[in-house]
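Below: one structure, written as structure tokens.
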Amino acid sequence: MFKVEIEFHGSRLSLETGRLAKQAGGAVLCQYGETVVLATATAAHSAREGIDFFPLTVDYQEKTFAAGKIPGGFFKREGRPSEKETLTSRLIDRPIRPLFADGFACETQVVATVLSVDRENDADMVAMLAASAALHISDLPFLGPIAGIRMGRKDGVLVVNPRQSETESDLNLIVAGSRDGLVMVEGGAKVLSETVMLEALFAAHDAMLPLFEMQDELRKKAGKPKREVAPREKDKALVKAVEKSGRAHLKSALKVTEKLDRYAALRQAEVDTVADLGAAYADREGEVRAAFSSLKKDVVRGMISKDKKRLDGRGPEQIRPITCEVGILPRTHGSALFTRGETQALAVATLGTGQDEQRIDALVGEHYRKFMLHYNFPPYSVGEVKFLRGPGRREIGHGALAERALLAVIPDADKFPYTIRIVSEILESNGSSSMASVCGGSLSMMDAGVPIKAPVAGIAMGLIEEGDEITILSDILGDEDHLGDMDFKVAGTTEGITALQMDIKIQGISREIMTRALEQARVGRVHILGEMAKSLGAHRESISSYAPRIETIKINPDKIRDLIGPGGKVIRGIVEETGAKIDVSDDGTVLIASADGDSMRKAIDLVEGITMEAQVGKIYQGTVRRIVDFGAFVEIMPGTDGLLHISQIGPGRVQKVSDELKEGDQVPVKVLEVDRSGKIRLSRKEALAELENKE
């Protein structure tokens, strides 16, 4: 067994190998505080015949025993991955995928398993480090190591790997890097400036330097010899022939600016090139097509880098035409159609009550979500035909990014006690549908009357690095993402950033490039917000007539038991009678929701009737319920009686109660006193006198 350990920002951090999972290609047990993750990296010994891509699978899995819990449900075992597991799998996958040797095509699997959690140190960053270390010591041709850091910010001071109990942070940023620079960024912020984000990004890179040294030390002790990967041999004569024939076909096809027409032209260009070389390379069509694909990448990158001309004819900083429409669906609470070039998102906002909150049974405890954004990417959005299935990793990841971007502007629950769900249906896609979801989602909430703190827009940036020539692209197309070196998404308001996501395909991004990209993104974001404001500049003054109205009343917490009733009988009866939804909090806050005004009023009256307390000095119209020798018991509110003593029935002397009152009479009474035991003393005499004086 080999082990290295250091003190790292308040907790002991260790990497260990040689004790567990010894048959895996590489296995590392990483412990940070009392959070423990086992990561393994294993690859097949040979590639499948004819494979032309790198088949990498990354799985992050949380075992409930790690938190001392037994899974719920009938089967009492872990089932399909949770959203957190899916998102963390993506966090590990994205920085390591570009760092395998070119030409390596053996099926590879990385598995990170959470074995223990201490509820202070999040397992996702531990899993990222463990996965990198497992790859680093294995025989796989991994060009790392990498490391991951979470950055927080409290009272203006950046915090490395903040504790989970440290919730007062206006920044939650996950940064992965290699020695050469940043390789992946994911996170959100409460409207922070580009300067602050830049400082956080490179502070994270500085903080992870000891983690590279740890992994190198472990490799020196226990590393396996790396596999030899022969670069794919290219027939220079074939490549030259393809270039000679294909370049002219490509240049003609790339003049087509509309996506589907351009794709058709490119397919025809490939067919024509194969036909041109058919006689000479009749039995090598696959190699010809591969060479044509490489040529296409070189030509497109050359157009952008040298000529500063993009596939749709734009310049590097130019943003595609934008149109926005709101209120396009008649019965939804809020809707918006956001179109930017050939990307189109239909966003629909729905307002619900506390009963619509999503309960999350996470490894570290249960919590509730009052704001949700769900992203759907049907195959017709890119002109394809596929089976419709549940959301995949990409859909979950894009939805989480858009949700994070908008979360910073959601109004506080005490001011707007609604549960909000946004669904973004991507109707067309050619670049950054997640950022279109941010823009459409912001507009749909404004259309629904949600008093968001500020409108939010998002933009996707790209990068082409050819030698010393760096070209940063605003509002990238799908092909520019595929053929470029960076996909950098930035969302925010006019005042600052709310969400950030970056993936790169090169060794690292320098501070200078990041500074330029952030500033260019800011300019683009402000432009998009201006276009959005043309359709709807601020949230509507009132919510949709089809959305439930929520009224808040406060009751004495001691009355909660009376409102709920035995087994929930009382509150269930009010709901059935009125059709309203009622939520009761432990502090006595009662939220009553209904889209119908009469139903709302009736529910409020019933709740107040059960929970209202008598106020000394107030006059009530009561009902005589029982007559006794010394007075009468008068009901002033449902279920609340007071004693009207014989001396307080009238202005003169009353000989017999029944001479003045009978059961069922409606009489005005004034509350004289409510003693500590809750007994109420009433006076009809004073009520009559007070009412007479008012007249």
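Starting from 1 in every chain, residues are counted up; chains themselves are A, B, ... following the order of the structure tokens, and ligands are numbered from 1 as listed.
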
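The list of residues with at least one atom within 12 Å of Lys240 in chain A, based on only C-alpha atoms and without residues fewer than 6 positions apart in the same chain, reads Lys234, Gly246, Arg247, Leu277, Val288, Ala291, Phe292, Ser294 and Leu295 of chain A.
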
**OP:** Can you pull out every residue within 6 Å of range 365-376 of chain A, counting only C-alpha atoms, but drop anything in the same chain fewer than 6 positions away, and send it as a ChimeraX atom specification?
**Re:** /A:357-359,395,399,403,419-425

Original post:
For Val117 in chain A, which of A:Ala27, A:Ile470, A:Ala362, A:Leu129 is the closest residue, counting only C-alpha atoms?
Top reply: A:Ala362

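Take the candidates A:Gly144, A:Asp412, A:Val191, A:Asp139 and check each one against Phe212 in chain A using only C-alpha atoms; the shortest distance goes to A:Gly144.
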
**OP:** Could you tell me how far CA of Glu541 in chain A lies from CA of Met446 in chain A, in Å and to one decimal?
**Re:**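 About the pair CA of Glu541 in chain A and CA of Met446 in chain A: they are 9.3 Å apart.
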
Original post:
With only C-alpha atoms as the atoms that count, which of A:Val239, A:Met600, A:Val590, A:Ala130 lies nearest to Thr578 in chain A?
Top reply: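 Distance minimum relative to Thr578 in chain A lands on A:Met600.
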
Original post:
How many Å lie between CA of Val28 in chain A and CA of Arg150 in chain A, rounded to one decimal?
Top reply: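 Result for CA of Val28 in chain A versus CA of Arg150 in chain A: 20.7 Å, one decimal.
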
Original post:
Hey, what's within 7 Å of Val409 in chain A if we count only C-alpha atoms and toss same-chain stuff fewer than 4 positions away? As a list in words, please?
Top reply: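 My list of contacting residues is Ile452, Lys453 and Ala454 of chain A.
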
Original post:
Which parts of range 588-678 of chain A does DSSP call helix (DSSP H, G or I) when run on the backbone here, written out as a PyMOL selection string?
Top reply: chain A and resi 597-611+646-648+657-660

Original post:
Which value, in Å to one decimal, gives the distance between CA of Gly440 in chain A and CA of Gly152 in chain A?
Top reply: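 Going from CA of Gly440 in chain A over to CA of Gly152 in chain A, I get 28.4 Å.
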
Subject >> Of the listed residues A:Leu192, A:Ala533, A:Ile592, A:Ile137, that which approaches Arg549 in chain A most closely, counting only C-alpha atoms >> reply: A:Ile592

**OP:** Select from range 90-254 of chain A everything DSSP, run on the backbone, classes as strand (DSSP E or B), then give the selection as a PyMOL selection string.
**Re:** chain A and resi 100+108-116+142+147-154+157-160+171-178+181-192

Selected residues, C-alpha atoms, written as a PDB file, in the first residue's frame, please.
```
ATOM      1  CA  PHE A 100      -6.050  11.311 -23.394  1.00  0.00           C
ATOM      2  CA  THR A 108     -12.368   3.186 -20.919  1.00  0.00           C
ATOM      3  CA  GLN A 109     -14.396   3.477 -17.729  1.00  0.00           C
ATOM      4  CA  VAL A 110     -13.858   5.678 -14.692  1.00  0.00           C
ATOM      5  CA  VAL A 111     -15.977   4.909 -11.626  1.00  0.00           C
ATOM      6  CA  ALA A 112     -16.005   7.124  -8.516  1.00  0.00           C
ATOM      7  CA  THR A 113     -17.851   5.657  -5.516  1.00  0.00           C
ATOM      8  CA  VAL A 114     -18.658   7.662  -2.388  1.00  0.00           C
ATOM      9  CA  LEU A 115     -17.974   5.471   0.649  1.00  0.00           C
ATOM     10  CA  SER A 116     -18.233   8.005   3.474  1.00  0.00           C
ATOM     11  CA  PHE A 142      -3.691  10.107 -19.625  1.00  0.00           C
ATOM     12  CA  ALA A 147      -7.514  18.703  -9.975  1.00  0.00           C
ATOM     13  CA  GLY A 148     -10.747  20.345  -8.947  1.00  0.00           C
ATOM     14  CA  ILE A 149     -11.413  23.152  -6.474  1.00  0.00           C
ATOM     15  CA  ARG A 150     -14.654  24.696  -5.242  1.00  0.00           C
ATOM     16  CA  MET A 151     -14.470  28.436  -4.669  1.00  0.00           C
ATOM     17  CA  GLY A 152     -16.797  30.338  -2.350  1.00  0.00           C
ATOM     18  CA  ARG A 153     -16.858  33.977  -1.276  1.00  0.00           C
ATOM     19  CA  LYS A 154     -17.910  35.303   2.107  1.00  0.00           C
ATOM     20  CA  VAL A 157     -13.123  37.175   0.765  1.00  0.00           C
ATOM     21  CA  LEU A 158     -12.560  34.128  -1.465  1.00  0.00           C
ATOM     22  CA  VAL A 159     -12.738  30.750   0.283  1.00  0.00           C
ATOM     23  CA  VAL A 160     -11.169  27.527  -1.058  1.00  0.00           C
ATOM     24  CA  LEU A 171     -20.206  32.418  -5.144  1.00  0.00           C
ATOM     25  CA  ASN A 172     -20.267  28.686  -5.836  1.00  0.00           C
ATOM     26  CA  LEU A 173     -17.660  27.973  -8.498  1.00  0.00           C
ATOM     27  CA  ILE A 174     -16.130  24.613  -9.443  1.00  0.00           C
ATOM     28  CA  VAL A 175     -12.819  24.946 -11.271  1.00  0.00           C
ATOM     29  CA  ALA A 176     -10.752  22.147 -12.796  1.00  0.00           C
ATOM     30  CA  GLY A 177      -7.260  22.700 -14.076  1.00  0.00           C
ATOM     31  CA  SER A 178      -4.023  21.172 -15.239  1.00  0.00           C
ATOM     32  CA  GLY A 181      -4.114  26.321 -16.960  1.00  0.00           C
ATOM     33  CA  LEU A 182      -7.865  26.022 -16.513  1.00  0.00           C
ATOM     34  CA  VAL A 183      -9.622  23.177 -18.301  1.00  0.00           C
ATOM     35  CA  MET A 184     -13.180  23.325 -16.957  1.00  0.00           C
ATOM     36  CA  VAL A 185     -15.388  25.793 -15.055  1.00  0.00           C
ATOM     37  CA  GLU A 186     -18.902  25.319 -13.697  1.00  0.00           C
ATOM     38  CA  GLY A 187     -20.742  27.462 -11.210  1.00  0.00           C
ATOM     39  CA  GLY A 188     -23.023  30.269 -10.199  1.00  0.00           C
ATOM     40  CA  ALA A 189     -22.864  33.606  -8.442  1.00  0.00           C
ATOM     41  CA  LYS A 190     -25.155  36.225  -6.972  1.00  0.00           C
ATOM     42  CA  VAL A 191     -24.464  38.845  -9.664  1.00  0.00           C
ATOM     43  CA  LEU A 192     -20.685  39.296  -9.390  1.00  0.00           C
TER      44      LEU A 192
END
```

Subject >> Residue among A:Gly631, A:Gly484, A:Gly622, A:Pro316 lying closest to Ala521 in chain A, counting only C-alpha atoms >> reply: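 Checking each of A:Gly631, A:Gly484, A:Gly622, A:Pro316 against Ala521 in chain A, counting only C-alpha atoms, the winner is A:Pro316.
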
Original post:
Near Leu427 in chain A, within 8 Å and counting only C-alpha atoms, which residues show up once chain neighbours fewer than 2 positions away are dropped, as JSON, numbers by chain?
Top reply: {"A": [343, 344, 345, 346, 377, 378, 380, 381, 425, 429]}

Would you write out those residues with N, CA and C atoms, as an mmCIF file, in the first residue's frame?
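Result written to out21.cif:
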```cif
data_model
loop_
_atom_site.group_PDB
_atom_site.id
_atom_site.type_symbol
_atom_site.label_atom_id
_atom_site.label_comp_id
_atom_site.auth_asym_id
_atom_site.auth_seq_id
_atom_site.Cartn_x
_atom_site.Cartn_y
_atom_site.Cartn_z
ATOM 1 N N THR A 343 -31.367 29.127 -33.514
ATOM 2 C CA THR A 343 -31.633 28.517 -32.212
ATOM 3 C C THR A 343 -32.917 29.123 -31.662
ATOM 4 N N GLN A 344 -33.840 28.268 -31.233
ATOM 5 C CA GLN A 344 -35.140 28.748 -30.763
ATOM 6 C C GLN A 344 -35.571 27.956 -29.534
ATOM 7 N N ALA A 345 -35.954 28.683 -28.480
ATOM 8 C CA ALA A 345 -36.410 28.053 -27.240
ATOM 9 C C ALA A 345 -37.787 28.589 -26.876
ATOM 10 N N LEU A 346 -38.706 27.686 -26.591
ATOM 11 C CA LEU A 346 -40.014 28.041 -26.055
ATOM 12 C C LEU A 346 -39.963 27.780 -24.557
ATOM 13 N N PHE A 377 -34.747 18.543 -25.241
ATOM 14 C CA PHE A 377 -34.083 18.690 -26.536
ATOM 15 C C PHE A 377 -34.601 17.609 -27.480
ATOM 16 N N PRO A 378 -35.787 17.812 -28.079
ATOM 17 C CA PRO A 378 -36.343 16.788 -28.973
ATOM 18 C C PRO A 378 -35.522 16.671 -30.249
ATOM 19 N N TYR A 380 -36.272 16.594 -33.368
ATOM 20 C CA TYR A 380 -36.635 17.419 -34.521
ATOM 21 C C TYR A 380 -35.954 18.785 -34.487
ATOM 22 N N SER A 381 -35.440 19.196 -33.310
ATOM 23 C CA SER A 381 -34.801 20.511 -33.196
ATOM 24 C C SER A 381 -33.533 20.604 -34.037
ATOM 25 N N GLU A 425 -38.463 24.177 -23.978
ATOM 26 C CA GLU A 425 -38.562 23.244 -25.101
ATOM 27 C C GLU A 425 -37.731 23.809 -26.252
ATOM 28 N N SER A 429 -32.099 24.193 -32.981
ATOM 29 C CA SER A 429 -30.803 24.316 -32.321
ATOM 30 C C SER A 429 -29.681 24.434 -33.329
#
```

**OP:** Point out the residue among A:Thr167, A:Ser14, A:Ser432, A:Ser252 with the least atom-to-atom distance to Lys489 in chain A, counting only C-alpha atoms.
**Re:**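 Of A:Thr167, A:Ser14, A:Ser432, A:Ser252, the one nearest Lys489 in chain A, counting only C-alpha atoms, is A:Ser432.
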
Original post:
Leaving out Glu270 in chain A and any residue of its chain fewer than 5 positions from it, which residues lie within 10 Å of it when counting only C-alpha atoms, given as JSON, numbers by chain?
Top reply: {"A": [242, 245, 246, 249, 250, 253, 264, 265, 275, 276, 288, 289, 292, 293, 296]}

**OP:** Find the spatial neighbours of range 603-614 of chain A, counting only C-alpha atoms, within a cut-off of 7 Å - ignore same-chain residues fewer than 4 positions away - and output them as a list in words.
**Re:** Ile555, Lys559, Asp562, Leu563, Ile574, Thr578, Ala580, Ser599, Met637, Pro638 and Gly639 of chain A

Okay, now the selection with N, CA and C atoms, as a PDB file, in the first residue's frame?
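selection-v8.pdb, freshly written:
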```
ATOM      1  N   ILE A 555     -51.294  32.969  12.357  1.00  0.00           N
ATOM      2  CA  ILE A 555     -52.117  32.498  13.465  1.00  0.00           C
ATOM      3  C   ILE A 555     -51.212  32.167  14.645  1.00  0.00           C
ATOM      4  N   LYS A 559     -52.695  27.388  17.817  1.00  0.00           N
ATOM      5  CA  LYS A 559     -53.944  27.093  17.120  1.00  0.00           C
ATOM      6  C   LYS A 559     -53.752  26.155  15.922  1.00  0.00           C
ATOM      7  N   ASP A 562     -55.696  23.004  16.177  1.00  0.00           N
ATOM      8  CA  ASP A 562     -57.129  23.156  15.912  1.00  0.00           C
ATOM      9  C   ASP A 562     -57.400  23.237  14.411  1.00  0.00           C
ATOM     10  N   LEU A 563     -56.513  23.940  13.667  1.00  0.00           N
ATOM     11  CA  LEU A 563     -56.713  24.093  12.227  1.00  0.00           C
ATOM     12  C   LEU A 563     -56.554  22.763  11.494  1.00  0.00           C
ATOM     13  N   ILE A 574     -61.700  21.806   4.876  1.00  0.00           N
ATOM     14  CA  ILE A 574     -61.689  23.149   4.283  1.00  0.00           C
ATOM     15  C   ILE A 574     -61.259  23.069   2.817  1.00  0.00           C
ATOM     16  N   THR A 578     -63.707  24.223  -0.259  1.00  0.00           N
ATOM     17  CA  THR A 578     -63.398  25.455  -1.001  1.00  0.00           C
ATOM     18  C   THR A 578     -62.598  25.226  -2.277  1.00  0.00           C
ATOM     19  N   ALA A 580     -59.425  25.332  -2.335  1.00  0.00           N
ATOM     20  CA  ALA A 580     -58.162  26.052  -2.150  1.00  0.00           C
ATOM     21  C   ALA A 580     -57.083  25.111  -1.611  1.00  0.00           C
ATOM     22  N   SER A 599     -63.535  31.334  -3.758  1.00  0.00           N
ATOM     23  CA  SER A 599     -62.968  30.184  -3.053  1.00  0.00           C
ATOM     24  C   SER A 599     -61.919  30.642  -2.042  1.00  0.00           C
ATOM     25  N   MET A 637     -67.086  33.254  17.709  1.00  0.00           N
ATOM     26  CA  MET A 637     -66.407  32.734  16.518  1.00  0.00           C
ATOM     27  C   MET A 637     -66.626  31.236  16.504  1.00  0.00           C
ATOM     28  N   PRO A 638     -66.536  30.604  15.361  1.00  0.00           N
ATOM     29  CA  PRO A 638     -66.738  29.147  15.332  1.00  0.00           C
ATOM     30  C   PRO A 638     -65.838  28.438  16.343  1.00  0.00           C
ATOM     31  N   GLY A 639     -66.487  27.739  17.289  1.00  0.00           N
ATOM     32  CA  GLY A 639     -65.738  26.994  18.286  1.00  0.00           C
ATOM     33  C   GLY A 639     -65.243  27.822  19.452  1.00  0.00           C
TER      34      GLY A 639
END
```
